[in-house]
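Listing of entry_27.cif; format and content: mmCIF, C-alpha atoms.
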```
data_upload
#
loop_
_atom_site.group_PDB
_atom_site.id
_atom_site.type_symbol
_atom_site.label_atom_id
_atom_site.label_comp_id
_atom_site.auth_asym_id
_atom_site.auth_seq_id
_atom_site.Cartn_x
_atom_site.Cartn_y
_atom_site.Cartn_z
ATOM 1 C CA MET L 1 0.000 0.000 0.000
ATOM 2 C CA LYS L 2 1.276 3.468 -0.944
ATOM 3 C CA ASN L 3 0.918 6.627 1.142
ATOM 4 C CA VAL L 4 1.736 10.323 1.130
ATOM 5 C CA LEU L 5 2.335 10.555 4.836
ATOM 6 C CA HIS L 6 5.834 12.046 4.593
ATOM 7 C CA ILE L 7 4.532 14.839 2.323
ATOM 8 C CA LEU L 8 1.663 15.713 4.661
ATOM 9 C CA ARG L 9 3.993 15.577 7.629
ATOM 10 C CA ALA L 10 6.473 17.910 5.919
ATOM 11 C CA GLU L 11 3.642 20.352 5.063
ATOM 12 C CA LYS L 12 2.610 20.491 8.704
ATOM 13 C CA ARG L 13 6.280 20.592 9.800
ATOM 14 C CA TYR L 14 5.777 17.665 12.139
ATOM 15 C CA SER L 15 8.677 15.382 12.981
ATOM 16 C CA GLN L 16 8.070 11.622 13.029
ATOM 17 C CA ASP L 17 8.220 11.831 16.795
ATOM 18 C CA ASP L 18 5.573 14.599 16.923
ATOM 19 C CA LEU L 19 3.190 12.582 14.761
ATOM 20 C CA ALA L 20 3.892 9.422 16.749
ATOM 21 C CA LYS L 21 2.917 11.232 19.954
ATOM 22 C CA LEU L 22 -0.252 12.630 18.352
ATOM 23 C CA VAL L 23 -1.497 9.192 17.299
ATOM 24 C CA ASN L 24 -0.072 7.373 20.324
ATOM 25 C CA VAL L 25 2.386 4.984 18.626
ATOM 26 C CA SER L 26 6.186 4.731 18.487
ATOM 27 C CA ARG L 27 8.365 6.749 16.096
ATOM 28 C CA GLN L 28 9.466 3.441 14.552
ATOM 29 C CA THR L 29 5.860 2.717 13.565
ATOM 30 C CA ILE L 30 5.552 6.054 11.742
ATOM 31 C CA ASN L 31 8.908 5.433 10.047
ATOM 32 C CA ALA L 32 7.840 1.926 8.918
ATOM 33 C CA ILE L 33 4.538 3.316 7.535
ATOM 34 C CA GLU L 34 6.313 6.119 5.630
ATOM 35 C CA ARG L 35 8.785 3.667 4.132
ATOM 36 C CA GLU L 36 5.817 1.483 3.117
ATOM 37 C CA LYS L 37 7.192 -1.454 5.039
ATOM 38 C CA TYR L 38 4.158 -1.650 7.301
ATOM 39 C CA ASP L 39 0.445 -1.104 6.642
ATOM 40 C CA PRO L 40 -1.248 0.559 9.620
ATOM 41 C CA SER L 41 -4.348 -0.847 11.272
ATOM 42 C CA LEU L 42 -7.646 0.821 10.395
ATOM 43 C CA PRO L 43 -7.902 2.651 13.768
ATOM 44 C CA LEU L 44 -4.380 4.034 13.308
ATOM 45 C CA ALA L 45 -5.081 5.066 9.707
ATOM 46 C CA LEU L 46 -8.220 6.884 10.914
ATOM 47 C CA LYS L 47 -6.245 8.628 13.673
ATOM 48 C CA ILE L 48 -3.602 9.760 11.155
ATOM 49 C CA ALA L 49 -6.316 10.993 8.769
ATOM 50 C CA LYS L 50 -7.887 12.954 11.628
ATOM 51 C CA VAL L 51 -4.558 14.623 12.490
ATOM 52 C CA PHE L 52 -4.178 15.852 8.900
ATOM 53 C CA ASP L 53 -7.904 16.551 8.496
ATOM 54 C CA LYS L 54 -8.119 14.337 5.396
ATOM 55 C CA LYS L 55 -9.933 11.178 4.334
ATOM 56 C CA VAL L 56 -8.070 7.875 4.816
ATOM 57 C CA GLU L 57 -8.064 7.195 1.066
ATOM 58 C CA GLU L 58 -6.374 10.555 0.415
ATOM 59 C CA ILE L 59 -3.413 9.415 2.525
ATOM 60 C CA PHE L 60 -3.339 5.654 1.911
ATOM 61 C CA PHE L 61 -4.082 4.053 -1.459
ATOM 62 C CA LEU L 62 -3.373 0.884 -3.433
ATOM 63 C CA GLU L 63 -0.502 0.851 -5.935
ATOM 64 C CA GLU L 64 -2.787 0.380 -8.971
ATOM 65 C CA ASP L 65 -4.769 3.529 -7.967
ATOM 66 C CA MET D 1 -6.933 -7.664 34.549
ATOM 67 C CA LYS D 2 -6.672 -5.431 31.459
ATOM 68 C CA ASN D 3 -6.272 -2.307 33.569
ATOM 69 C CA PHE D 4 -3.729 -3.818 35.975
ATOM 70 C CA SER D 5 -0.241 -2.584 35.121
ATOM 71 C CA PHE D 6 1.758 -5.564 36.506
ATOM 72 C CA PRO D 7 4.454 -3.484 38.250
ATOM 73 C CA TYR D 8 8.024 -4.633 39.107
ATOM 74 C CA LYS D 9 8.104 -7.259 36.316
ATOM 75 C CA SER D 10 11.904 -7.152 35.909
ATOM 76 C CA ILE D 11 12.497 -7.592 39.642
ATOM 77 C CA VAL D 12 9.977 -10.463 39.801
ATOM 78 C CA LEU D 13 11.679 -12.100 36.795
ATOM 79 C CA ILE D 14 15.113 -11.967 38.462
ATOM 80 C CA PHE D 15 13.618 -13.187 41.760
ATOM 81 C CA SER D 16 11.929 -16.132 39.987
ATOM 82 C CA ALA D 17 15.154 -17.071 38.185
ATOM 83 C CA VAL D 18 16.984 -17.086 41.540
ATOM 84 C CA MET D 19 14.199 -19.110 43.183
ATOM 85 C CA ILE D 20 14.220 -21.831 40.533
ATOM 86 C CA PHE D 21 17.961 -22.405 41.010
ATOM 87 C CA LEU D 22 17.973 -21.910 44.795
ATOM 88 C CA PRO D 23 17.634 -25.631 45.710
ATOM 89 C CA ILE D 24 20.605 -26.486 43.465
ATOM 90 C CA PHE D 25 22.819 -23.852 45.101
ATOM 91 C CA PHE D 26 21.573 -24.755 48.573
ATOM 92 C CA ILE D 27 22.126 -28.500 48.158
ATOM 93 C CA GLY D 28 25.491 -27.814 46.533
ATOM 94 C CA SER D 29 26.573 -25.890 49.631
ATOM 95 C CA LEU D 30 25.798 -28.852 51.927
ATOM 96 C CA SER D 31 28.152 -31.741 52.560
ATOM 97 C CA LEU D 32 27.136 -35.330 51.807
ATOM 98 C CA ASP D 33 26.765 -36.067 55.543
ATOM 99 C CA GLN D 34 24.490 -33.098 56.059
ATOM 100 C CA ILE D 35 22.275 -34.224 53.182
ATOM 101 C CA THR D 36 22.060 -37.882 54.274
ATOM 102 C CA ASN D 37 21.460 -37.012 57.949
ATOM 103 C CA SER D 38 18.867 -34.304 57.328
ATOM 104 C CA ASN D 39 15.151 -34.915 57.238
ATOM 105 C CA PRO D 40 14.085 -35.388 53.572
ATOM 106 C CA ALA D 41 10.881 -33.454 54.314
ATOM 107 C CA ASN D 42 12.929 -30.281 54.895
ATOM 108 C CA LEU D 43 14.641 -30.543 51.501
ATOM 109 C CA ARG D 44 11.322 -31.334 49.850
ATOM 110 C CA LEU D 45 9.784 -28.280 51.531
ATOM 111 C CA LEU D 46 12.615 -26.074 50.285
ATOM 112 C CA LEU D 47 12.161 -27.425 46.759
ATOM 113 C CA THR D 48 8.371 -26.980 46.852
ATOM 114 C CA VAL D 49 8.403 -23.440 48.262
ATOM 115 C CA SER D 50 11.138 -22.122 45.971
ATOM 116 C CA THR D 51 9.688 -23.664 42.796
ATOM 117 C CA LEU D 52 6.189 -22.477 43.745
ATOM 118 C CA LEU D 53 7.459 -18.908 44.169
ATOM 119 C CA ALA D 54 9.351 -19.184 40.857
ATOM 120 C CA THR D 55 6.244 -20.509 39.085
ATOM 121 C CA ILE D 56 4.025 -17.723 40.427
ATOM 122 C CA GLY D 57 6.695 -15.183 39.433
ATOM 123 C CA PHE D 58 7.045 -16.540 35.893
ATOM 124 C CA ILE D 59 3.255 -16.602 35.395
ATOM 125 C CA TYR D 60 3.035 -13.000 36.694
ATOM 126 C CA CYS D 61 5.772 -11.882 34.259
ATOM 127 C CA THR D 62 4.230 -13.780 31.324
ATOM 128 C CA LEU D 63 0.840 -12.131 31.889
ATOM 129 C CA GLY D 64 2.485 -8.754 32.556
ATOM 130 C CA TYR D 65 4.511 -8.726 29.343
ATOM 131 C CA HIS D 66 1.526 -10.070 27.388
ATOM 132 C CA PHE D 67 -0.749 -7.200 28.445
ATOM 133 C CA GLN D 68 2.089 -4.671 28.095
ATOM 134 C CA ILE D 69 2.521 -5.665 24.438
ATOM 135 C CA LEU D 70 -1.247 -5.693 23.824
ATOM 136 C CA ARG D 71 -1.643 -2.183 25.241
ATOM 137 C CA GLY D 72 1.482 -0.837 23.553
ATOM 138 C CA ASP D 73 2.591 0.086 20.069
ATOM 139 C CA GLU D 74 0.922 -1.808 17.191
ATOM 140 C CA LEU D 75 4.161 -2.401 15.255
ATOM 141 C CA LYS D 76 5.695 -4.029 18.341
ATOM 142 C CA LEU D 77 2.607 -6.219 18.692
ATOM 143 C CA ARG D 78 2.943 -7.224 15.026
ATOM 144 C CA ILE D 79 6.647 -8.068 15.513
ATOM 145 C CA HIS D 80 5.782 -10.058 18.645
ATOM 146 C CA LEU D 81 3.042 -12.041 16.861
ATOM 147 C CA GLU D 82 5.203 -12.800 13.821
ATOM 148 C CA ALA D 83 8.078 -13.890 16.068
ATOM 149 C CA LEU D 84 5.678 -16.133 18.004
ATOM 150 C CA ASN D 85 4.576 -17.664 14.719
ATOM 151 C CA ILE D 86 8.205 -18.404 13.800
ATOM 152 C CA SER D 87 8.835 -19.791 17.286
ATOM 153 C CA PHE D 88 5.755 -22.037 17.188
ATOM 154 C CA THR D 89 6.546 -23.407 13.724
ATOM 155 C CA THR D 90 10.180 -24.063 14.679
ATOM 156 C CA SER D 91 9.066 -25.842 17.849
ATOM 157 C CA LEU D 92 6.670 -28.081 15.923
ATOM 158 C CA VAL D 93 9.328 -28.994 13.347
ATOM 159 C CA PHE D 94 11.816 -29.780 16.116
ATOM 160 C CA LEU D 95 9.169 -31.716 18.085
ATOM 161 C CA PHE D 96 8.596 -34.180 15.253
ATOM 162 C CA ALA D 97 12.285 -34.382 14.334
ATOM 163 C CA LEU D 98 13.380 -34.926 17.946
ATOM 164 C CA ILE D 99 10.686 -37.546 18.583
ATOM 165 C CA PHE D 100 11.926 -39.473 15.539
ATOM 166 C CA VAL D 101 15.585 -39.211 16.568
ATOM 167 C CA PHE D 102 15.037 -39.980 20.272
ATOM 168 C CA VAL D 103 12.602 -42.870 19.747
ATOM 169 C CA ASN D 104 14.977 -44.552 17.311
ATOM 170 C CA PHE D 105 18.390 -43.735 18.724
ATOM 171 C CA ASN D 106 18.154 -42.542 22.337
ATOM 172 C CA PRO D 107 14.806 -43.185 24.104
ATOM 173 C CA THR D 108 15.996 -41.874 27.497
ATOM 174 C CA MET D 109 16.320 -38.409 25.960
ATOM 175 C CA LEU D 110 12.511 -38.350 25.612
ATOM 176 C CA ASN D 111 12.447 -37.391 29.313
ATOM 177 C CA TYR D 112 14.088 -34.091 28.407
ATOM 178 C CA LEU D 113 11.973 -33.389 25.310
ATOM 179 C CA ILE D 114 9.907 -30.604 26.867
ATOM 180 C CA VAL D 115 12.955 -28.855 28.325
ATOM 181 C CA ILE D 116 14.772 -29.042 24.969
ATOM 182 C CA LEU D 117 11.678 -27.767 23.144
ATOM 183 C CA ALA D 118 11.264 -24.881 25.605
ATOM 184 C CA ALA D 119 14.874 -23.817 24.990
ATOM 185 C CA ILE D 120 14.389 -24.113 21.209
ATOM 186 C CA ALA D 121 11.165 -22.067 21.363
ATOM 187 C CA ILE D 122 12.802 -19.259 23.365
ATOM 188 C CA ILE D 123 15.846 -19.126 21.059
ATOM 189 C CA ALA D 124 13.588 -19.203 17.957
ATOM 190 C CA TYR D 125 11.510 -16.345 19.399
ATOM 191 C CA ILE D 126 14.587 -14.172 20.041
ATOM 192 C CA ILE D 127 15.981 -14.857 16.551
ATOM 193 C CA GLY D 128 12.476 -14.352 15.100
ATOM 194 C CA VAL D 129 12.141 -10.913 16.703
ATOM 195 C CA GLU D 130 15.463 -9.824 15.165
ATOM 196 C CA LEU D 131 14.497 -11.148 11.712
ATOM 197 C CA VAL D 132 11.052 -9.527 11.764
ATOM 198 C CA LYS D 133 12.492 -6.227 13.070
ATOM 199 C CA ARG D 134 14.831 -6.188 10.080
ATOM 200 C CA LYS D 135 11.819 -6.576 7.772
ATOM 201 C CA TYR D 136 10.149 -3.427 9.140
ATOM 202 C CA ARG D 137 13.318 -1.325 9.515
#
```
Go ahead and express the file in the form of structure tokens.
Amino acid sequence: MKNVLHILRAEKRYSQDDLAKLVNVSRQTINAIEREKYDPSLPLALKIAKVFDKKVEEIFFLEED
Amino acid sequence: MKNFSFPYKSIVLIFSAVMIFLPIFFIGSLSLDQITNSNPANLRLLLTVSTLLATIGFIYCTLGYHFQILRGDELKLRIHLEALNISFTTSLVFLFALIFVFVNFNPTMLNYLIVILAAIAIIAYIIGVELVKRKYR
């Protein structure tokens, strides 16, 4: 699964650590999601979408999309 | 249970490890005469009390770490579950292989099968965690 998390994070000038604290996970989790090594759970994806005030599908999408 | 934080897990773990080996150290410190002349009930009591404390301690730590991982970070939970999967599969493979080898070549070793499997499972879990961590790094 692809995502634009690093772009959104850069726009908001959040560090990985800041975002991790906002969604209550470790910095390593945010790093793994950004590097597309790990697909977040639905609750975490919803939390991230809420932080950036976007829909989940605007942040996370399938490769063929 | 879900809201209980299981405090002092590391201390309990060390205490349990000491308790499980206490009878060995204690008996090792006695001379042969002291062992043969002492009441066997006393040694049995020492063994029972120390192993009971160790068992309670290990169960406490197992539950504590289990709930700590469940409540914690989701990537760590994923790593834990994948490592458990590796550990379980390795244990099963070794179980069948060891049964075959021991039954055919050394039946007395069957007495130690569970201990050997426990060691294999723990080692496989530790290696599994490192391998899975590398995948998500």
- Item | Answer as a PyMOL selection string, residues within 12 Å of (-0.5, -7.7, 13.8) using all atoms listed in the file | (chain L and resi 38-42) or (chain D and resi 69-70+73-85+132)
- Message: Could you list, as number ranges by chain, every residue matched by the PyMOL selection byres ((chain L and resi 44-55) around 12) in this structure?
- Response: L: 3-14, 16, 18-26, 29-30, 33-34, 38-43, 56-61; D: 73-75
Apply the PyMOL selection byres ((chain D and resi 121-124) around 8) to the file shown and report the selected residues as a short mmCIF file (atom, residue, chain, number, x, y, z; two decimals) with C-alpha atoms, in the frame of the given file.
```
data_model
loop_
_atom_site.label_atom_id
_atom_site.label_comp_id
_atom_site.auth_asym_id
_atom_site.auth_seq_id
_atom_site.Cartn_x
_atom_site.Cartn_y
_atom_site.Cartn_z
CA ALA D 83 8.08 -13.89 16.07
CA ILE D 86 8.20 -18.40 13.80
CA SER D 87 8.84 -19.79 17.29
CA PHE D 88 5.76 -22.04 17.19
CA THR D 90 10.18 -24.06 14.68
CA SER D 91 9.07 -25.84 17.85
CA LEU D 117 11.68 -27.77 23.14
CA ALA D 118 11.26 -24.88 25.60
CA ALA D 119 14.87 -23.82 24.99
CA ILE D 120 14.39 -24.11 21.21
CA TYR D 125 11.51 -16.34 19.40
CA ILE D 126 14.59 -14.17 20.04
CA ILE D 127 15.98 -14.86 16.55
CA GLY D 128 12.48 -14.35 15.10
#
```
- Interatomic distance (Å, one decimal) between atom CA of D:Phe67 and atom CA of D:Leu52: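 Distance between the two atoms: 22.7 Å.
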- Task: Rounded to one decimal place, report the atom CA of D:Arg44-atom CA of D:Leu30 distance in Å.
- Result: 14.8 Å
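You will find atom CA of D:Leu13 at 18.3 Å from atom CA of D:Thr48.
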- Query: Applied to this file, what does the PyMOL selection byres ((chain D and resi 5) around 12) return in terms of residues, put as a PyMOL selection string?
  - Reply: chain D and resi 1-4+6-9+60-61+63-72
- Message: So, with all atoms listed in the file as the atoms that count, which of L:Arg27, L:Asp17, L:Met1, L:Ala32 lies closest to chain D?
- Response: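 Answer, going by the shortest atom-to-atom distance: L:Ala32.
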Is it possible to get the axis-aligned box enclosing stretch 112-121 of chain D (all listed atoms, 5 Å extra per side) as lines of an AutoDock Vina configuration file, with centre and edge lengths in Å rounded to one decimal?
```
center_x = 12.4
center_y = -28.1
center_z = 24.8
size_x = 15.0
size_y = 22.0
size_z = 17.2
```
- Task: Can you work out which one of D:Leu110, D:Leu53, D:Leu131, D:Ala97 has the shortest atom-to-atom distance to D:Phe21, counting only C-alpha atoms?
- Result: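 Counting only C-alpha atoms, the residue closest to D:Phe21 is D:Leu53.
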